[in-house]
$ cat model_32.cif   # mmCIF, C-alpha atoms
data_data
#
loop_
_atom_site.label_atom_id
_atom_site.label_comp_id
_atom_site.auth_asym_id
_atom_site.auth_seq_id
_atom_site.Cartn_x
_atom_site.Cartn_y
_atom_site.Cartn_z
CA MET A 1 125.64 170.30 -81.08
CA SER A 2 128.17 168.68 -78.79
CA GLU A 3 131.40 167.12 -80.03
CA GLY A 4 130.17 163.53 -80.09
CA ASP A 5 127.50 164.20 -82.72
CA SER A 6 129.75 164.73 -85.69
CA GLN A 7 131.25 161.67 -87.27
CA GLN A 8 134.89 162.26 -88.16
CA HIS A 9 136.94 159.31 -89.29
CA PRO A 10 140.08 159.11 -91.42
CA LEU A 11 139.63 158.97 -95.18
CA LYS A 12 141.72 155.81 -95.20
CA THR A 13 138.95 153.91 -93.34
CA TYR A 14 136.39 154.82 -96.00
CA PHE A 15 138.66 153.91 -98.88
CA TRP A 16 139.50 150.55 -97.32
CA VAL A 17 135.82 149.72 -96.86
CA TRP A 18 135.02 150.94 -100.37
CA GLY A 19 137.76 148.72 -101.81
CA ALA A 20 136.66 145.74 -99.73
CA LEU A 21 133.07 146.13 -100.97
CA PHE A 22 134.31 146.02 -104.57
CA VAL A 23 136.48 142.99 -103.89
CA PHE A 24 133.68 141.06 -102.16
CA SER A 25 131.30 141.90 -105.02
CA VAL A 26 133.80 140.60 -107.55
CA PHE A 27 134.23 137.44 -105.47
CA SER A 28 130.50 136.81 -105.28
CA TYR A 29 130.21 137.34 -109.06
CA LEU A 30 133.08 134.90 -109.60
CA VAL A 31 131.32 132.33 -107.40
CA ASP A 32 128.28 132.65 -109.65
CA ILE A 33 130.17 132.03 -112.90
CA SER A 34 132.40 129.34 -111.35
CA PRO A 35 131.34 125.68 -111.61
CA LEU A 36 130.66 125.60 -107.83
CA GLU A 37 127.22 124.22 -107.01
CA GLY A 38 125.01 123.47 -104.03
CA PHE A 39 126.25 124.08 -100.51
CA ALA A 40 129.67 125.48 -101.51
CA LYS A 41 128.07 128.08 -103.80
CA TRP A 42 125.33 129.11 -101.36
CA SER A 43 127.63 129.38 -98.37
CA LEU A 44 130.17 131.50 -100.28
CA ILE A 45 127.44 133.81 -101.64
CA THR A 46 126.02 134.20 -98.13
CA LEU A 47 129.46 134.81 -96.65
CA PHE A 48 130.29 137.62 -99.09
CA MET A 49 126.79 139.07 -98.69
CA LEU A 50 127.12 139.21 -94.90
CA LEU A 51 130.63 140.69 -95.11
CA LYS A 52 129.39 143.45 -97.43
CA ALA A 53 126.30 144.12 -95.34
CA GLY A 54 128.39 144.21 -92.17
CA LEU A 55 130.87 146.70 -93.61
CA ILE A 56 128.11 149.00 -94.88
CA VAL A 57 126.25 149.01 -91.56
CA THR A 58 129.25 149.26 -89.23
CA ILE A 59 131.46 151.73 -91.10
CA PHE A 60 129.44 153.58 -93.77
CA MET A 61 126.39 153.92 -91.53
CA HIS A 62 128.66 154.57 -88.51
CA MET A 63 126.88 151.96 -86.38
CA ILE A 64 130.11 150.92 -84.67
CA TRP A 65 130.51 154.46 -83.34
CA GLU A 66 126.93 154.75 -82.07
CA ARG A 67 125.97 154.13 -78.47
CA SER A 68 124.43 150.76 -77.61
CA SER A 69 121.07 152.40 -76.92
CA MET A 70 120.92 153.34 -80.63
CA ALA A 71 122.56 150.24 -82.11
CA ILE A 72 120.83 147.45 -80.18
CA PRO A 73 117.20 148.60 -80.75
CA VAL A 74 117.94 148.71 -84.49
CA LEU A 75 120.00 145.56 -84.90
CA LEU A 76 118.15 143.24 -82.52
CA PRO A 77 114.67 143.37 -84.17
CA ALA A 78 116.33 143.03 -87.58
CA GLY A 79 118.13 139.92 -86.31
CA VAL A 80 114.83 138.41 -85.19
CA LEU A 81 113.88 138.28 -88.90
CA LEU A 82 116.21 135.29 -89.15
CA PHE A 83 113.67 133.44 -87.03
CA LEU A 84 110.90 134.33 -89.50
CA MET A 85 113.12 133.03 -92.29
CA LEU A 86 113.73 129.78 -90.42
CA LEU A 87 110.01 129.24 -89.82
CA MET A 88 109.22 129.88 -93.48
CA ILE A 89 111.91 127.44 -94.60
CA LEU A 90 110.44 124.73 -92.38
CA GLU A 91 106.90 125.38 -93.53
CA GLY A 92 107.96 125.82 -97.16
CA ASP A 93 109.66 122.43 -97.20
CA TYR A 94 106.51 120.86 -95.80
CA ILE A 95 104.26 122.52 -98.41
CA HIS A 96 106.64 121.55 -101.18
CA SER A 97 106.67 117.91 -100.12
CA SER A 98 102.87 117.77 -99.83
CA ARG A 99 102.46 119.43 -103.23
CA GLN A 100 104.69 116.83 -104.78
CA MET A 101 102.77 114.11 -103.02
CA PHE A 102 99.32 115.29 -104.11
CA PHE A 103 99.91 117.17 -107.35
CA GLY A 104 102.68 114.90 -108.61
CA GLY A 105 104.90 117.95 -109.32
CA MET B 106 122.66 169.52 -75.94
CA ALA B 107 122.06 165.95 -74.91
CA SER B 108 124.45 165.81 -72.04
CA THR B 109 123.91 169.19 -70.37
CA ALA B 110 122.02 167.56 -67.51
CA GLU B 111 124.77 165.06 -66.89
CA GLN B 112 127.66 167.44 -67.34
CA GLY B 113 130.75 166.41 -65.43
CA LYS B 114 129.51 162.83 -65.16
CA ALA B 115 130.71 160.23 -67.67
CA LEU B 116 127.90 158.13 -69.20
CA PRO B 117 128.24 154.36 -68.80
CA THR B 118 128.76 152.40 -72.04
CA GLY B 119 127.76 148.99 -73.41
CA ILE B 120 124.83 147.12 -71.81
CA ASP B 121 125.02 149.31 -68.70
CA GLY B 122 124.73 152.30 -71.02
CA LEU B 123 121.66 150.80 -72.74
CA VAL B 124 119.93 150.19 -69.40
CA SER B 125 120.74 153.57 -67.92
CA ASP B 126 119.87 155.50 -71.11
CA TRP B 127 116.54 153.77 -71.59
CA SER B 128 115.58 153.92 -67.92
CA SER B 129 116.36 157.61 -67.56
CA ASP B 130 113.52 160.11 -67.67
CA GLN B 131 115.19 162.23 -70.34
CA GLN B 132 116.03 161.23 -73.89
CA ALA B 133 116.91 157.65 -74.75
CA PHE B 134 119.12 158.35 -77.76
CA LYS B 135 121.82 160.46 -76.15
CA GLY B 136 124.16 162.37 -78.40
CA VAL B 137 122.10 161.41 -81.46
CA PRO B 138 120.28 164.20 -83.34
CA TRP B 139 116.55 163.44 -83.45
CA GLY B 140 116.53 163.32 -87.25
CA LYS B 141 119.13 160.61 -87.27
CA ALA B 142 117.36 158.55 -84.59
CA MET B 143 114.08 158.80 -86.53
CA MET B 144 115.85 157.81 -89.75
CA TRP B 145 117.23 154.71 -88.03
CA ILE B 146 113.75 153.80 -86.79
CA PHE B 147 112.31 154.35 -90.27
CA LEU B 148 115.05 152.19 -91.75
CA LEU B 149 114.25 149.46 -89.24
CA SER B 150 110.63 149.46 -90.41
CA ASP B 151 111.81 149.46 -94.02
CA THR B 152 114.03 146.49 -93.19
CA PHE B 153 110.91 144.63 -92.14
CA ILE B 154 109.18 145.48 -95.42
CA PHE B 155 112.07 144.28 -97.55
CA ALA B 156 112.52 141.24 -95.31
CA CYS B 157 108.87 140.33 -95.85
CA PHE B 158 109.37 140.58 -99.61
CA LEU B 159 112.56 138.55 -99.58
CA VAL B 160 111.20 135.91 -97.21
CA GLY B 161 108.04 135.75 -99.36
CA TYR B 162 110.23 135.26 -102.42
CA MET B 163 112.16 132.53 -100.61
CA LYS B 164 108.92 130.82 -99.66
CA VAL B 165 107.39 130.79 -103.15
CA ARG B 166 110.69 129.57 -104.53
CA ILE B 167 110.81 126.71 -102.02
CA VAL B 168 107.21 125.62 -102.58
CA ALA B 169 107.26 125.96 -106.40
CA THR B 170 107.10 122.53 -107.98
CA GLU B 171 108.17 123.88 -111.37
CA ALA B 172 111.87 124.59 -111.88
CA TRP B 173 112.92 128.12 -110.86
CA PRO B 174 114.32 130.11 -113.82
CA ASP B 175 118.11 130.29 -113.84
CA ALA B 176 118.89 133.96 -113.09
CA SER B 177 122.38 133.71 -114.60
CA SER B 178 120.98 133.02 -118.05
CA VAL B 179 117.74 135.05 -117.77
CA PHE B 180 119.75 138.17 -116.95
CA ALA B 181 122.59 137.45 -119.36
CA LEU B 182 123.49 140.09 -121.93
CA THR B 183 125.33 139.63 -125.18
CA ALA B 184 128.39 141.84 -125.30
CA PHE B 185 130.78 141.73 -128.26
CA GLY B 186 129.18 138.52 -129.45
CA VAL B 187 129.70 136.72 -126.13
CA GLU B 188 126.88 135.92 -123.72
CA VAL B 189 127.96 137.29 -120.33
CA PRO B 190 125.86 136.12 -117.36
CA LEU B 191 124.44 138.88 -115.13
CA LEU B 192 126.46 141.55 -116.94
CA LEU B 193 124.03 144.40 -116.35
CA ILE B 194 123.39 143.32 -112.73
CA ALA B 195 127.13 143.28 -112.04
CA ILE B 196 127.50 146.80 -113.46
CA MET B 197 124.49 147.98 -111.42
CA THR B 198 126.05 146.50 -108.28
CA PHE B 199 129.31 148.34 -108.88
CA VAL B 200 127.51 151.58 -109.64
CA LEU B 201 125.55 151.38 -106.39
CA ILE B 202 128.64 150.51 -104.32
CA SER B 203 130.48 153.44 -105.90
CA SER B 204 127.60 155.72 -104.95
CA SER B 205 127.77 154.45 -101.35
CA GLY B 206 131.45 155.38 -101.26
CA THR B 207 130.86 158.90 -102.59
CA MET B 208 128.02 159.29 -100.07
CA ALA B 209 130.23 158.25 -97.14
CA LEU B 210 132.81 160.83 -98.21
CA ALA B 211 130.09 163.46 -98.63
CA VAL B 212 129.05 162.93 -95.00
CA LYS B 213 132.65 163.31 -93.89
CA TYR B 214 133.20 166.53 -95.83
CA GLY B 215 129.80 167.78 -94.70
CA TYR B 216 130.88 167.65 -91.08
CA GLN B 217 134.09 169.43 -92.11
CA LYS B 218 131.80 172.11 -93.59
CA ASP B 219 133.51 171.77 -96.96
CA ARG B 220 130.49 172.87 -98.97
CA ASN B 221 131.94 172.41 -102.43
CA LYS B 222 133.24 168.89 -101.91
CA THR B 223 130.05 167.84 -100.14
CA PHE B 224 127.92 169.23 -102.98
CA ILE B 225 130.00 167.56 -105.69
CA LEU B 226 130.09 164.21 -103.88
CA MET B 227 126.35 164.27 -103.21
CA MET B 228 125.58 165.12 -106.81
CA ALA B 229 127.93 162.32 -107.92
CA THR B 230 125.98 159.98 -105.64
CA ALA B 231 122.69 161.16 -107.12
CA LEU B 232 123.99 160.73 -110.68
CA LEU B 233 125.19 157.19 -109.94
CA GLY B 234 121.78 156.49 -108.43
CA LEU B 235 120.13 157.84 -111.56
CA ALA B 236 122.37 155.62 -113.70
CA PHE B 237 121.28 152.67 -111.55
CA VAL B 238 117.59 153.42 -112.05
CA GLY B 239 118.20 153.87 -115.78
CA MET B 240 119.84 150.47 -116.05
CA GLN B 241 117.03 148.95 -114.03
CA ALA B 242 114.49 150.44 -116.42
CA PHE B 243 116.43 148.88 -119.28
CA GLU B 244 116.43 145.54 -117.46
CA TRP B 245 112.64 145.69 -116.99
CA TRP B 246 112.15 146.63 -120.62
CA LYS B 247 114.33 143.70 -121.75
CA LEU B 248 112.60 141.21 -119.45
CA ILE B 249 109.14 142.38 -120.44
CA GLY B 250 110.26 141.98 -124.06
CA ASP B 251 111.31 138.42 -123.22
CA GLY B 252 107.77 137.74 -122.07
CA VAL B 253 108.27 137.91 -118.31
CA ARG B 254 105.04 138.95 -116.56
CA PRO B 255 104.02 138.96 -112.89
CA TRP B 256 101.77 135.98 -113.66
CA GLY B 257 104.08 133.94 -115.82
CA ASN B 258 107.22 133.70 -117.90
CA PRO B 259 108.73 131.41 -120.53
CA PHE B 260 111.62 130.28 -118.30
CA GLY B 261 109.97 128.31 -115.48
CA ALA B 262 108.05 128.87 -112.27
CA GLU B 263 105.37 131.58 -112.62
CA GLN B 264 106.22 133.21 -109.30
CA PHE B 265 109.56 134.37 -110.69
CA GLY B 266 108.02 137.38 -112.44
CA ALA B 267 105.92 138.42 -109.46
CA ALA B 268 108.91 138.28 -107.10
CA PHE B 269 111.17 140.07 -109.60
CA PHE B 270 108.86 142.99 -110.34
CA LEU B 271 107.83 143.45 -106.71
CA ILE B 272 111.30 143.35 -105.19
CA THR B 273 113.28 145.25 -107.82
CA GLY B 274 110.39 147.68 -108.32
CA PHE B 275 110.24 148.53 -104.64
CA HIS B 276 114.00 148.87 -104.48
CA GLY B 277 114.08 151.04 -107.60
CA THR B 278 111.44 153.29 -106.05
CA HIS B 279 113.67 153.69 -103.01
CA VAL B 280 116.61 154.60 -105.21
CA SER B 281 114.54 157.17 -107.10
CA ILE B 282 113.31 158.79 -103.87
CA GLY B 283 116.90 158.77 -102.63
CA VAL B 284 118.06 160.60 -105.75
CA ILE B 285 115.44 163.31 -105.16
CA PHE B 286 116.38 163.74 -101.49
CA LEU B 287 120.08 163.76 -102.28
CA THR B 288 119.59 166.50 -104.85
CA ILE B 289 117.53 168.62 -102.45
CA ILE B 290 120.04 168.33 -99.61
CA ALA B 291 122.95 168.85 -102.01
CA PHE B 292 121.50 172.20 -103.09
CA LYS B 293 120.87 173.13 -99.45
CA VAL B 294 124.56 172.46 -98.82
CA LYS B 295 125.57 174.47 -101.88
CA ARG B 296 123.64 177.60 -100.98
CA GLY B 297 124.78 177.38 -97.35
CA SER B 298 121.37 176.67 -95.81
CA LEU B 299 122.91 174.15 -93.44
CA GLU B 300 125.42 176.66 -92.15
CA THR B 301 122.99 179.51 -91.55
CA GLY B 302 120.23 177.21 -90.25
CA ARG B 303 117.82 178.46 -92.89
CA PRO B 304 114.39 176.86 -92.40
CA GLY B 305 113.31 174.32 -95.00
CA PHE B 306 110.53 175.12 -97.49
CA LEU B 307 108.30 172.17 -96.57
CA THR B 308 109.05 171.35 -92.97
CA GLY B 309 110.35 174.68 -91.68
CA ARG B 310 113.10 172.79 -89.85
CA LYS B 311 116.38 174.57 -89.51
CA GLY B 312 119.13 173.28 -91.77
CA ARG B 313 121.96 171.40 -90.04
CA TYR B 314 124.83 169.29 -91.24
CA GLU B 315 123.34 166.14 -89.68
CA MET B 316 120.91 166.24 -92.60
CA VAL B 317 123.73 165.08 -94.83
CA GLU B 318 124.39 162.12 -92.56
CA THR B 319 120.67 161.33 -92.30
CA VAL B 320 120.13 161.25 -96.06
CA GLY B 321 123.39 159.29 -96.20
CA LEU B 322 121.96 156.67 -93.86
CA TYR B 323 119.00 156.28 -96.20
CA TRP B 324 121.29 155.95 -99.20
CA HIS B 325 123.52 153.35 -97.56
CA PHE B 326 120.40 151.43 -96.62
CA VAL B 327 119.32 151.34 -100.26
CA ASP B 328 122.75 149.94 -101.11
CA LEU B 329 122.45 147.47 -98.23
CA VAL B 330 119.13 146.17 -99.53
CA TRP B 331 120.68 145.72 -102.96
CA VAL B 332 123.42 143.57 -101.39
CA PHE B 333 120.72 141.17 -100.22
CA ILE B 334 118.73 141.32 -103.47
CA PHE B 335 121.89 140.71 -105.49
CA ALA B 336 122.78 137.66 -103.39
CA PHE B 337 119.35 136.11 -102.94
CA PHE B 338 117.63 136.96 -106.19
CA TYR B 339 120.38 137.05 -108.81
CA LEU B 340 123.15 134.81 -107.50
CA TRP B 341 121.33 132.16 -105.48
#
$ encode --input "model_32.cif" --output "C-alpha cells"
Amino acid sequence: MSEGDSQQHPLKTYFWVWGALFVFSVFSYLVDISPLEGFAKWSLITLFMLLKAGLIVTIFMHMIWERSSMAIPVLLPAGVLLFLMLLMILEGDYIHSSRQMFFGG
Amino acid sequence: MASTAEQGKALPTGIDGLVSDWSSDQQAFKGVPWGKAMMWIFLLSDTFIFACFLVGYMKVRIVATEAWPDASSVFALTAFGVEVPLLLIAIMTFVLISSSGTMALAVKYGYQKDRNKTFILMMATALLGLAFVGMQAFEWWKLIGDGVRPWGNPFGAEQFGAAFFLITGFHGTHVSIGVIFLTIIAFKVKRGSLETGRPGFLTGRKGRYEMVETVGLYWHFVDLVWVFIFAFFYLW
C-alpha cells in the first residue's frame, strides 16, 4: 500500500470531535427538556443533529481526507434524499388536509 | 499500488480530480483500498434504506389525524422517584457516541500496527455496542409491556408503534451485526492475521489493516444513523 492509504491524524483531533459530539448531544437533550416549542425547538434539534452528523462523517469517517472522486459520489446521492423529503412533506400536508376535510379528524 | 501508472505525475485535486479520475481507463477510486470503496458504496445504499424508513415515518406522522404520542413521556423512566424524560435514550446515545470514539482510536492505532491497543479499543467498542443493544431490548420490553404494538398503542396515533419497531429494530440489527464484525476483526488483529496477511476463513482474502478502517466506517455509520433517529424520532 502506498503512503496515502493509511489515515494518520493527531489524537487531539479525535478527542476534540469526541468531546464536541458529547456536548452537542447534551445540548439537544437540553432543548428537549427545555420549554422551547415549535420552530425554535425543531431548528435547534436539527442544527445539533447536522453538526453531529457532519463531525462523524468528516472526521471519524475520514471523508475530509478522501479524494473528491470518493467523497462526491457518496455525499451527492445522499443529499438528493432531501428532495424526496421535501416532496413527501408537500404531499403529506395535502393528504392531511384532505383527511381532515373528509374524515373530520 | 494505485498510482504506479502515474508515477512522477501529481494527480489533480477537487473537481478536476473527480473528472480526470472518473474519465481515466484505470481505477476510479485512486488511493482507496477496494474494501473501503465497496464499504462506502454499501453505506450509501444503506443510507437510502434508512432514509426511506425515516421519510416514511415523517410522512405517516404528517398525515396522521390523531395526535402523535409524546416521545418525551412515552420513553420516560422513573429514577430515584423522579420521572426523567428520555433517560434510557440519552444513556444509549452517550454509549453509542463513546463507542464511535473508541472505534476512531482503534483505526488510528491499527494503522500504527499497535496490536494490543487496537484489540482493546475494538473490544471496548463491541462491548459498548452490546450494552446499547441490551438497553434497546429493555426499551422494547418496557414498551411492549405498556401496550405498544405495531398496529396500535394507548398513547395516540397507531402508526407510532409501526415506525418505532421498524426503525429501531433495523438499527438494532445493524448494531448487532457490527458487534459480530468488530469481534471477528479484533481477534484477527490480536493474533496478527492482518500483519502476516493470513487469508480469512470465509472469504480467503488476505488480512490487511484497512479492514479495521472498513469495519470502523460501518460502525460510525451505525452511530450516524442513530444521530438522525435520536433527533427525528425521540426529540422531534
$ interface_residues --input "model_32.cif" --of "chain A" --to "chain B" --cutoff "8 Å" --atoms "all atoms listed in the file" --output "PyMOL selection string"
chain A and resi 1-2+4-9+11+14-15+18+21-22+25+28-29+32-33+42+45-46+49+52-53+56-57+60-61+67-70+74+77-78+81+84-85+88-89+92-93+95-96+99-100+105
$ atom_distance --input "model_32.cif" --atom1 "CA of Phe224 in chain B" --atom2 "CA of Ser298 in chain B"
12.2 Å
$ atom_distance --input "model_32.cif" --atom1 "CA of Trp245 in chain B" --atom2 "CA of Val23 in chain A"
27.3 Å
$ residues_near_point --input "model_32.cif" --point "(124.9, 176.4, -94.1)" --cutoff "12 Å" --atoms "only C-alpha atoms" --output "ChimeraX atom specification"
/B:215-221,223-224,290-305,311-317
$ write_last_selection --input "model_32.cif" --atoms "C-alpha atoms" --output "JSON list (two decimals), keeping the file's coordinate frame"
[["chain", "number", "residue", "atom", "x", "y", "z"],
["B", 215, "GLY", "CA", 129.80, 167.78, -94.70],
["B", 216, "TYR", "CA", 130.88, 167.65, -91.08],
["B", 217, "GLN", "CA", 134.09, 169.43, -92.11],
["B", 218, "LYS", "CA", 131.80, 172.11, -93.59],
["B", 219, "ASP", "CA", 133.51, 171.77, -96.96],
["B", 220, "ARG", "CA", 130.49, 172.87, -98.97],
["B", 221, "ASN", "CA", 131.94, 172.41, -102.43],
["B", 223, "THR", "CA", 130.05, 167.84, -100.14],
["B", 224, "PHE", "CA", 127.92, 169.23, -102.98],
["B", 290, "ILE", "CA", 120.04, 168.33, -99.61],
["B", 291, "ALA", "CA", 122.95, 168.85, -102.01],
["B", 292, "PHE", "CA", 121.50, 172.20, -103.09],
["B", 293, "LYS", "CA", 120.87, 173.13, -99.45],
["B", 294, "VAL", "CA", 124.56, 172.46, -98.82],
["B", 295, "LYS", "CA", 125.57, 174.47, -101.88],
["B", 296, "ARG", "CA", 123.64, 177.60, -100.98],
["B", 297, "GLY", "CA", 124.78, 177.38, -97.35],
["B", 298, "SER", "CA", 121.37, 176.67, -95.81],
["B", 299, "LEU", "CA", 122.91, 174.15, -93.44],
["B", 300, "GLU", "CA", 125.42, 176.66, -92.15],
["B", 301, "THR", "CA", 122.99, 179.51, -91.55],
["B", 302, "GLY", "CA", 120.23, 177.21, -90.25],
["B", 303, "ARG", "CA", 117.82, 178.46, -92.89],
["B", 304, "PRO", "CA", 114.39, 176.86, -92.40],
["B", 305, "GLY", "CA", 113.31, 174.32, -95.00],
["B", 311, "LYS", "CA", 116.38, 174.57, -89.51],
["B", 312, "GLY", "CA", 119.13, 173.28, -91.77],
["B", 313, "ARG", "CA", 121.96, 171.40, -90.04],
["B", 314, "TYR", "CA", 124.83, 169.29, -91.24],
["B", 315, "GLU", "CA", 123.34, 166.14, -89.68],
["B", 316, "MET", "CA", 120.91, 166.24, -92.60],
["B", 317, "VAL", "CA", 123.73, 165.08, -94.83]]
$ atom_distance --input "model_32.cif" --atom1 "CA of Trp16 in chain A" --atom2 "CA of Leu50 in chain A"
17.0 Å
$ axis_aligned_box --input "model_32.cif" --around "range 308-325 of chain B" --padding-each-side "3 Å" --output "lines of an AutoDock Vina configuration file"
center_x = 116.9
center_y = 164.0
center_z = -94.4
size_x = 21.8
size_y = 27.3
size_z = 15.7
$ resolve_selection --input "model_32.cif" --expression "the PyMOL selection byres ((chain B and resi 248-256) around 12)" --output "short mmCIF file (atom, residue, chain, number, x, y, z; two decimals) with C-alpha atoms, in the coordinates of the input"
data_model
loop_
_atom_site.label_atom_id
_atom_site.label_comp_id
_atom_site.auth_asym_id
_atom_site.auth_seq_id
_atom_site.Cartn_x
_atom_site.Cartn_y
_atom_site.Cartn_z
CA PRO B 174 114.32 130.11 -113.82
CA ALA B 176 118.89 133.96 -113.09
CA SER B 178 120.98 133.02 -118.05
CA VAL B 179 117.74 135.05 -117.77
CA PHE B 180 119.75 138.17 -116.95
CA ALA B 181 122.59 137.45 -119.36
CA LEU B 182 123.49 140.09 -121.93
CA GLN B 241 117.03 148.95 -114.03
CA ALA B 242 114.49 150.44 -116.42
CA PHE B 243 116.43 148.88 -119.28
CA GLU B 244 116.43 145.54 -117.46
CA TRP B 245 112.64 145.69 -116.99
CA TRP B 246 112.15 146.63 -120.62
CA LYS B 247 114.33 143.70 -121.75
CA GLY B 257 104.08 133.94 -115.82
CA ASN B 258 107.22 133.70 -117.90
CA PRO B 259 108.73 131.41 -120.53
CA PHE B 260 111.62 130.28 -118.30
CA GLY B 261 109.97 128.31 -115.48
CA ALA B 262 108.05 128.87 -112.27
CA GLU B 263 105.37 131.58 -112.62
CA GLN B 264 106.22 133.21 -109.30
CA PHE B 265 109.56 134.37 -110.69
CA GLY B 266 108.02 137.38 -112.44
CA ALA B 267 105.92 138.42 -109.46
CA ALA B 268 108.91 138.28 -107.10
CA PHE B 269 111.17 140.07 -109.60
CA PHE B 270 108.86 142.99 -110.34
CA LEU B 271 107.83 143.45 -106.71
CA ILE B 272 111.30 143.35 -105.19
CA GLY B 274 110.39 147.68 -108.32
#
